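Next comes final_18.txt, with compact mmCIF, C-alpha atoms.
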# COMPACT_ATOMS: atom_id res chain seq x y z
CA MET A 284 55.09 -89.40 64.14
CA GLU A 285 56.66 -89.53 60.69
CA ASN A 286 55.37 -86.03 60.00
CA ASN A 287 57.10 -84.73 63.13
CA ILE A 288 60.40 -86.34 62.10
CA SER A 289 60.24 -84.91 58.59
CA LEU A 290 59.36 -81.51 60.01
CA GLN A 291 62.38 -81.57 62.31
CA GLU A 292 64.65 -82.61 59.44
CA SER A 293 63.39 -79.72 57.29
CA PHE A 294 64.43 -77.24 59.99
CA ARG A 295 67.94 -78.37 60.70
CA PRO A 296 70.05 -75.97 62.80
CA GLU A 297 72.80 -75.79 60.14
CA ASP A 298 70.25 -74.71 57.53
CA GLU A 299 68.90 -72.03 59.81
CA LEU A 300 72.43 -70.82 60.56
CA GLN A 301 73.23 -70.67 56.84
CA TYR A 302 70.04 -68.71 56.22
CA ILE A 303 70.92 -66.22 58.96
CA ARG A 304 74.40 -65.79 57.53
CA LYS A 305 72.92 -65.08 54.11
CA ILE A 306 70.65 -62.40 55.58
CA ILE A 307 73.61 -60.74 57.31
CA ALA A 308 75.69 -60.90 54.13
CA ASP A 309 72.88 -59.41 52.05
CA SER A 310 72.48 -56.65 54.61
CA ARG A 311 76.17 -55.82 54.51
CA ALA A 312 76.06 -55.64 50.73
CA SER A 313 73.17 -53.21 50.81
CA PHE A 314 74.88 -51.03 53.41
CA VAL A 315 78.32 -50.90 51.77
CA GLU A 316 79.52 -47.70 50.13
CA ASP A 317 79.64 -47.82 46.32
CA GLY A 318 82.17 -44.99 46.15
CA LYS A 319 80.55 -43.03 43.32
CA PRO A 320 80.04 -39.72 45.20
CA TYR A 321 83.68 -39.86 46.30
CA ILE A 322 84.82 -40.17 42.69
CA TRP A 323 82.51 -37.55 41.18
CA TRP A 324 83.09 -34.82 43.74
CA GLY A 325 86.78 -35.67 43.92
CA LEU A 326 87.20 -35.14 40.19
CA VAL A 327 85.15 -31.93 40.29
CA VAL A 328 87.26 -30.42 43.08
CA ALA A 329 90.55 -31.71 41.63
CA VAL A 330 89.86 -30.09 38.25
CA GLY A 331 88.74 -26.84 39.86
CA MET A 332 91.75 -26.66 42.16
CA SER A 333 94.13 -27.49 39.32
CA VAL A 334 92.75 -24.67 37.17
CA THR A 335 92.95 -22.31 40.14
CA TYR A 336 96.53 -23.37 40.85
CA ILE A 337 97.65 -22.90 37.25
CA SER A 338 95.92 -19.53 37.09
CA ALA A 339 97.62 -18.32 40.28
CA LEU A 340 101.00 -19.80 39.35
CA THR A 341 101.10 -18.23 35.88
CA ASN A 342 99.30 -15.07 36.97
CA ARG A 343 96.87 -15.44 34.08
CA ASP A 344 93.09 -15.12 34.02
CA LEU A 345 91.75 -18.57 33.23
CA TYR A 346 88.15 -17.66 34.12
CA VAL A 347 88.44 -19.58 37.36
CA GLY A 348 85.10 -18.32 38.66
CA TYR A 349 83.21 -19.59 35.63
CA VAL A 350 85.08 -22.88 35.76
CA TRP A 351 84.04 -23.41 39.38
CA ILE A 352 80.42 -22.50 38.63
CA GLY A 353 80.30 -25.04 35.81
CA LEU A 354 82.01 -27.73 37.88
CA VAL A 355 79.74 -27.23 40.89
CA LEU A 356 76.63 -27.37 38.71
CA PHE A 357 77.94 -30.56 37.12
CA GLY A 358 78.67 -31.99 40.54
CA PHE A 359 75.19 -31.28 41.83
CA ALA A 360 73.66 -32.72 38.65
CA THR A 361 75.57 -35.98 39.07
CA ILE A 362 74.57 -36.25 42.73
CA ILE A 363 70.91 -35.62 41.90
CA TYR A 364 71.09 -38.27 39.17
CA TYR A 365 72.74 -40.65 41.64
CA MET A 366 69.99 -40.09 44.21
CA ILE A 367 67.29 -40.67 41.59
CA GLN A 368 68.93 -43.94 40.55
CA GLN A 369 69.17 -45.00 44.19
CA LYS A 370 65.46 -44.40 44.70
CA LYS A 371 64.64 -46.58 41.69
CA GLN A 372 66.32 -49.53 43.36
CA VAL A 373 64.49 -51.85 45.71
CA LYS A 374 63.66 -49.93 48.84
CA ARG A 375 65.06 -51.13 52.14
CA ALA A 376 64.91 -50.02 55.72
CA GLN A 377 67.50 -47.40 56.57
CA SER A 378 70.16 -48.91 58.78
CA PHE A 379 71.97 -47.32 61.69
CA ILE A 380 75.12 -47.19 59.53
CA ASP A 381 73.17 -45.35 56.82
CA ARG A 382 72.10 -42.71 59.30
CA ILE A 383 75.61 -42.38 60.72
CA GLN A 384 77.12 -42.06 57.24
CA GLY A 385 74.58 -39.43 56.26
CA ALA A 386 75.20 -37.52 59.48
CA ILE A 387 79.00 -37.64 59.09
CA TRP A 388 79.16 -36.41 55.52
CA GLY A 389 76.22 -34.05 55.93
CA ALA A 390 77.80 -32.32 58.94
CA CYS A 391 81.35 -32.30 57.57
CA GLY A 392 80.31 -31.37 54.04
CA GLY A 393 78.13 -28.54 55.30
CA SER A 394 80.89 -27.28 57.60
CA LEU A 395 83.43 -27.44 54.77
CA GLY A 396 81.19 -25.53 52.38
CA LEU A 397 80.38 -22.89 54.99
CA ALA A 398 84.06 -22.46 55.87
CA VAL A 399 85.05 -22.00 52.21
CA LEU A 400 82.24 -19.51 51.66
CA LEU A 401 83.00 -17.40 54.73
CA ILE A 402 86.78 -17.38 54.33
CA ASN A 403 86.73 -16.42 50.65
CA THR A 404 83.71 -14.11 50.60
CA PHE A 405 83.57 -12.18 53.85
CA GLN A 406 86.98 -10.71 54.56
CA HIS A 407 87.27 -8.52 57.67
CA THR A 408 88.62 -5.01 57.38
CA GLY A 409 90.67 -2.87 59.74
CA ASP A 410 92.13 -4.49 62.83
CA ALA A 411 89.54 -7.28 63.00
CA PRO A 412 91.14 -10.76 62.86
CA THR A 413 90.59 -12.66 59.63
CA ILE A 414 91.66 -15.87 57.90
CA HIS A 415 93.67 -15.53 54.71
CA PRO A 416 92.09 -17.41 51.77
CA ILE A 417 95.26 -19.48 51.36
CA TYR A 418 94.27 -21.32 54.57
CA THR A 419 91.03 -22.53 52.98
CA CYS A 420 92.73 -25.76 51.92
CA PHE A 421 94.11 -26.22 55.45
CA VAL A 422 90.64 -25.94 57.00
CA SER A 423 89.13 -28.21 54.33
CA SER A 424 91.78 -30.86 54.97
CA LEU A 425 91.07 -30.84 58.69
CA ILE A 426 87.34 -31.35 58.09
CA LEU A 427 87.90 -34.07 55.47
CA GLY A 428 90.21 -35.84 57.91
CA ILE A 429 87.39 -35.97 60.46
CA ALA A 430 84.92 -37.23 57.84
CA TYR A 431 87.16 -40.04 56.59
CA PHE A 432 88.22 -41.08 60.09
CA LEU A 433 84.62 -41.40 61.30
CA SER A 434 83.41 -42.95 58.04
CA GLY A 435 86.12 -45.61 58.25
CA ILE A 436 85.07 -46.50 61.78
CA ALA A 437 81.38 -46.60 60.83
CA ASN A 438 82.11 -48.96 57.92
CA ASP A 439 84.69 -50.99 59.89
CA LEU A 440 87.36 -50.21 57.26
CA ASN A 441 90.73 -49.46 58.83
CA TRP A 442 92.28 -48.26 55.57
CA LEU A 443 89.46 -45.73 55.08
CA ARG A 444 89.95 -44.54 58.65
CA ASN A 445 93.67 -44.13 57.99
CA VAL A 446 92.89 -41.85 55.05
CA GLY A 447 91.83 -39.36 57.71
CA PHE A 448 95.39 -39.33 59.08
CA ALA A 449 96.68 -38.56 55.59
CA TRP A 450 94.36 -35.56 55.36
CA TRP A 451 95.51 -34.30 58.76
CA ALA A 452 99.16 -34.70 57.76
CA GLY A 453 98.45 -32.71 54.61
CA ALA A 454 96.72 -30.03 56.70
CA ILE A 455 99.89 -29.62 58.78
CA VAL A 456 101.98 -29.12 55.63
CA MET A 457 99.48 -26.59 54.27
CA TYR A 458 99.48 -24.63 57.51
CA LEU A 459 103.28 -24.53 57.84
CA TRP A 460 103.84 -23.76 54.14
CA PRO A 461 101.14 -21.22 53.16
CA THR A 462 102.12 -20.57 49.54
CA VAL A 463 100.35 -20.77 46.20
CA HIS A 464 101.61 -24.36 45.90
CA VAL A 465 99.09 -25.35 48.57
CA LEU A 466 96.49 -25.32 45.79
CA GLY A 467 98.46 -27.93 43.85
CA ILE A 468 99.02 -30.03 46.96
CA TYR A 469 95.31 -29.99 47.73
CA ALA A 470 94.42 -30.97 44.14
CA GLY A 471 96.85 -33.89 44.33
CA MET A 472 95.50 -35.00 47.70
CA ILE A 473 91.96 -34.96 46.35
CA LEU A 474 92.98 -37.35 43.59
CA VAL A 475 94.99 -39.67 45.86
CA PHE A 476 92.90 -39.57 49.03
CA GLN A 477 89.38 -39.18 47.65
CA VAL A 478 89.14 -40.36 44.04
CA VAL A 479 91.33 -43.43 44.61
CA PRO A 480 89.44 -44.48 47.81
CA GLY A 481 86.22 -44.01 45.84
CA ILE A 482 87.48 -46.37 43.13
CA ILE A 483 88.49 -48.92 45.77
CA LEU A 484 85.06 -48.70 47.41
CA GLN A 485 83.35 -49.10 44.04
CA ARG A 486 85.37 -52.22 43.19
CA ARG A 487 84.67 -53.63 46.64
CA TYR A 488 80.97 -52.96 46.19
CA ARG A 489 80.86 -54.65 42.77
CA LEU A 490 82.81 -57.67 44.03
CA LEU A 491 80.62 -58.11 47.09
CA THR A 492 77.35 -57.75 45.18
CA ALA A 493 78.57 -60.17 42.50
CA VAL A 494 79.50 -62.79 45.07
CA LEU A 495 76.18 -62.47 46.87
CA SER A 496 74.18 -62.62 43.66
CA GLU A 497 75.81 -65.97 42.85
CA ALA A 498 75.18 -67.32 46.35
Output the structure of this file as structure tokens.
Amino acid sequence: MENNISLQESFRPEDELQYIRKIIADSRASFVEDGKPYIWWGLVVAVGMSVTYISALTNRDLYVGYVWIGLVLFGFATIIYYMIQQKKQVKRAQSFIDRIQGAIWGACGGSLGLAVLLINTFQHTGDAPTIHPIYTCFVSSLILGIAYFLSGIANDLNWLRNVGFAWWAGAIVMYLWPTVHVLGIYAGMILVFQVVPGIILQRRYRLLTAVLSEA
């Protein structure tokens, strides 16, 4: 009889509830974005667009093509390093949010890259309709708006979702004002609406993991 009483006391409902809460909190910490890819790719694109803008504005050859090649290679190297470091961490089951996040950025990133490649590489000749390269930033902003809007919903972060509206507002400006200054606007938007959100996500990730490690 005493054994049954002690057994019931060891499994109190409040202890079980606290344990469940800890599991949920740990899961949220493992699913949260750390923001590093946002920062790395944001800086890569911002630097590339800034060099392109200065080159076009001053009408001087600043070896833009070589700059972009170097930046893209650096970007891919950092992402590969990031993925290797992620694999070294304790493995966990892939969550539904993980799959959604991968699908969002995989689809939008692939679409963005394909759009940039086609618009800037394969120009139509004659009377065939074509898209002027100056509208590349407009198309990119539309796609990034979709990515941030969906990513914010998937992570239940309203401010990240609202970043999508900022990208769409910028896309409108770029479409209505198709000048060389669009390159500078896009570079500035990358810093404000990609690098800065990445820093915020990274700080949030560090804070959450620190709190849970002390719990």
Mind pulling up the distance from CA of Thr404 in chain A to CA of Ile455 in chain A?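 Taking CA of Ile455 in chain A as the start and CA of Thr404 in chain A as the end point, the length is 23.9 Å.
Distance check against Pro416 in chain A using all atoms listed in the file: of A:Phe432, A:Tyr458, A:Phe476, A:Trp450, the minimum falls on A:Tyr458.
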Restricting the calculation to only C-alpha atoms, which member of A:Pro461, A:Gly447, A:Pro320, A:Pro480 is positioned closest to His415 in chain A?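 Closest residue, counting only C-alpha atoms: A:Pro461.
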Pick from A:Val456, A:Leu490, A:Ile417, A:Ala411, whichever lies nearest to Val399 in chain A using all atoms listed in the file: A:Ile417
When you draw a straight line from CA of Ser424 in chain A to CA of Ala454 in chain A, how long is it in Å?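 Distance reported for this atom pair: 5.3 Å.
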Give me, please, the distance in Å between CA of Ile387 in chain A and CA of Tyr336 in chain A, quoted to one decimal.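 Distance between the two atoms: 29.0 Å.
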Up to 10 Å from (88.4, -41.9, 47.9) in the file's coordinates: name the residues, counting all atoms listed in the file, as a PyMOL selection string. chain A and resi 318-325+431+443+446+472-485
For a cutoff of 9 Å around the file-coordinate point (87.5, -32.9, 53.0), which residues qualify once you count all atoms listed in the file? I'd like the result as number ranges by chain. A: 391-392, 395, 420, 422-431, 450, 473, 477
Based on the selection just made, write C-alpha atoms of those residues as a short mmCIF file (atom, residue, chain, number, x, y, z; two decimals), keeping the file's coordinate frame.
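Dumped to again.cif:
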data_model
loop_
_atom_site.label_atom_id
_atom_site.label_comp_id
_atom_site.auth_asym_id
_atom_site.auth_seq_id
_atom_site.Cartn_x
_atom_site.Cartn_y
_atom_site.Cartn_z
CA CYS A 391 81.35 -32.30 57.57
CA GLY A 392 80.31 -31.37 54.04
CA LEU A 395 83.43 -27.44 54.77
CA CYS A 420 92.73 -25.76 51.92
CA VAL A 422 90.64 -25.94 57.00
CA SER A 423 89.13 -28.21 54.33
CA SER A 424 91.78 -30.86 54.97
CA LEU A 425 91.07 -30.84 58.69
CA ILE A 426 87.34 -31.35 58.09
CA LEU A 427 87.90 -34.07 55.47
CA GLY A 428 90.21 -35.84 57.91
CA ILE A 429 87.39 -35.97 60.46
CA ALA A 430 84.92 -37.23 57.84
CA TYR A 431 87.16 -40.04 56.59
CA TRP A 450 94.36 -35.56 55.36
CA ILE A 473 91.96 -34.96 46.35
CA GLN A 477 89.38 -39.18 47.65
#
Output range 469-480 of chain A as a short mmCIF file (atom, residue, chain, number, x, y, z; two decimals), in the frame of the given file, making sure all heavy atoms are there.
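After the write, out.cif holds the following:
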data_model
loop_
_atom_site.label_atom_id
_atom_site.label_comp_id
_atom_site.auth_asym_id
_atom_site.auth_seq_id
_atom_site.Cartn_x
_atom_site.Cartn_y
_atom_site.Cartn_z
N TYR A 469 96.69 -29.60 47.42
CA TYR A 469 95.31 -29.99 47.73
C TYR A 469 94.69 -30.75 46.55
O TYR A 469 93.99 -31.75 46.76
CB TYR A 469 94.48 -28.75 48.04
CG TYR A 469 93.10 -29.05 48.56
CD1 TYR A 469 92.90 -29.33 49.91
CD2 TYR A 469 92.00 -29.05 47.72
CE1 TYR A 469 91.63 -29.61 50.40
CE2 TYR A 469 90.73 -29.32 48.20
CZ TYR A 469 90.55 -29.60 49.53
OH TYR A 469 89.30 -29.88 50.00
N ALA A 470 94.95 -30.27 45.32
CA ALA A 470 94.42 -30.97 44.14
C ALA A 470 94.96 -32.39 44.07
O ALA A 470 94.22 -33.34 43.77
CB ALA A 470 94.78 -30.19 42.88
N GLY A 471 96.26 -32.55 44.34
CA GLY A 471 96.85 -33.89 44.33
C GLY A 471 96.28 -34.78 45.42
O GLY A 471 96.04 -35.97 45.20
N MET A 472 96.06 -34.22 46.60
CA MET A 472 95.50 -35.00 47.70
C MET A 472 94.08 -35.45 47.41
O MET A 472 93.66 -36.55 47.79
CB MET A 472 95.56 -34.19 49.00
CG MET A 472 96.95 -33.98 49.55
SD MET A 472 96.96 -33.23 51.19
CE MET A 472 96.14 -34.53 52.16
N ILE A 473 93.32 -34.59 46.73
CA ILE A 473 91.96 -34.96 46.35
C ILE A 473 91.97 -36.19 45.45
O ILE A 473 91.15 -37.12 45.60
CB ILE A 473 91.25 -33.78 45.66
CG1 ILE A 473 90.80 -32.75 46.70
CG2 ILE A 473 90.05 -34.26 44.85
CD1 ILE A 473 89.62 -33.20 47.56
N LEU A 474 92.89 -36.21 44.50
CA LEU A 474 92.98 -37.35 43.59
C LEU A 474 93.41 -38.62 44.32
O LEU A 474 92.83 -39.69 44.13
CB LEU A 474 93.96 -37.04 42.46
CG LEU A 474 93.52 -36.01 41.42
CD1 LEU A 474 94.65 -35.71 40.45
CD2 LEU A 474 92.28 -36.49 40.67
N VAL A 475 94.42 -38.49 45.19
CA VAL A 475 94.99 -39.67 45.86
C VAL A 475 94.12 -40.15 47.01
O VAL A 475 93.92 -41.35 47.20
CB VAL A 475 96.42 -39.37 46.36
CG1 VAL A 475 96.99 -40.56 47.13
CG2 VAL A 475 97.33 -39.03 45.18
N PHE A 476 93.60 -39.21 47.80
CA PHE A 476 92.90 -39.57 49.03
C PHE A 476 91.38 -39.40 48.98
O PHE A 476 90.72 -39.49 50.02
CB PHE A 476 93.48 -38.77 50.20
CG PHE A 476 94.93 -39.03 50.44
CD1 PHE A 476 95.87 -38.01 50.32
CD2 PHE A 476 95.38 -40.30 50.76
CE1 PHE A 476 97.22 -38.25 50.52
CE2 PHE A 476 96.73 -40.55 50.98
CZ PHE A 476 97.65 -39.53 50.85
N GLN A 477 90.84 -39.16 47.78
CA GLN A 477 89.38 -39.18 47.65
C GLN A 477 88.95 -39.97 46.42
O GLN A 477 88.11 -40.86 46.52
CB GLN A 477 88.79 -37.77 47.58
CG GLN A 477 87.27 -37.78 47.39
CD GLN A 477 86.60 -36.55 47.90
OE1 GLN A 477 87.07 -35.91 48.84
NE2 GLN A 477 85.48 -36.18 47.30
N VAL A 478 89.52 -39.64 45.25
CA VAL A 478 89.14 -40.36 44.04
C VAL A 478 89.58 -41.82 44.12
O VAL A 478 88.79 -42.73 43.83
CB VAL A 478 89.74 -39.68 42.79
CG1 VAL A 478 89.42 -40.51 41.54
CG2 VAL A 478 89.17 -38.27 42.64
N VAL A 479 90.83 -42.05 44.51
CA VAL A 479 91.33 -43.43 44.61
C VAL A 479 90.55 -44.25 45.65
O VAL A 479 90.14 -45.38 45.36
CB VAL A 479 92.84 -43.44 44.93
CG1 VAL A 479 93.32 -44.86 45.22
CG2 VAL A 479 93.63 -42.86 43.75
N PRO A 480 90.31 -43.73 46.88
CA PRO A 480 89.44 -44.48 47.81
C PRO A 480 88.06 -44.74 47.24
O PRO A 480 87.48 -45.80 47.48
CB PRO A 480 89.37 -43.56 49.03
CG PRO A 480 90.65 -42.81 49.00
CD PRO A 480 90.91 -42.57 47.55
#
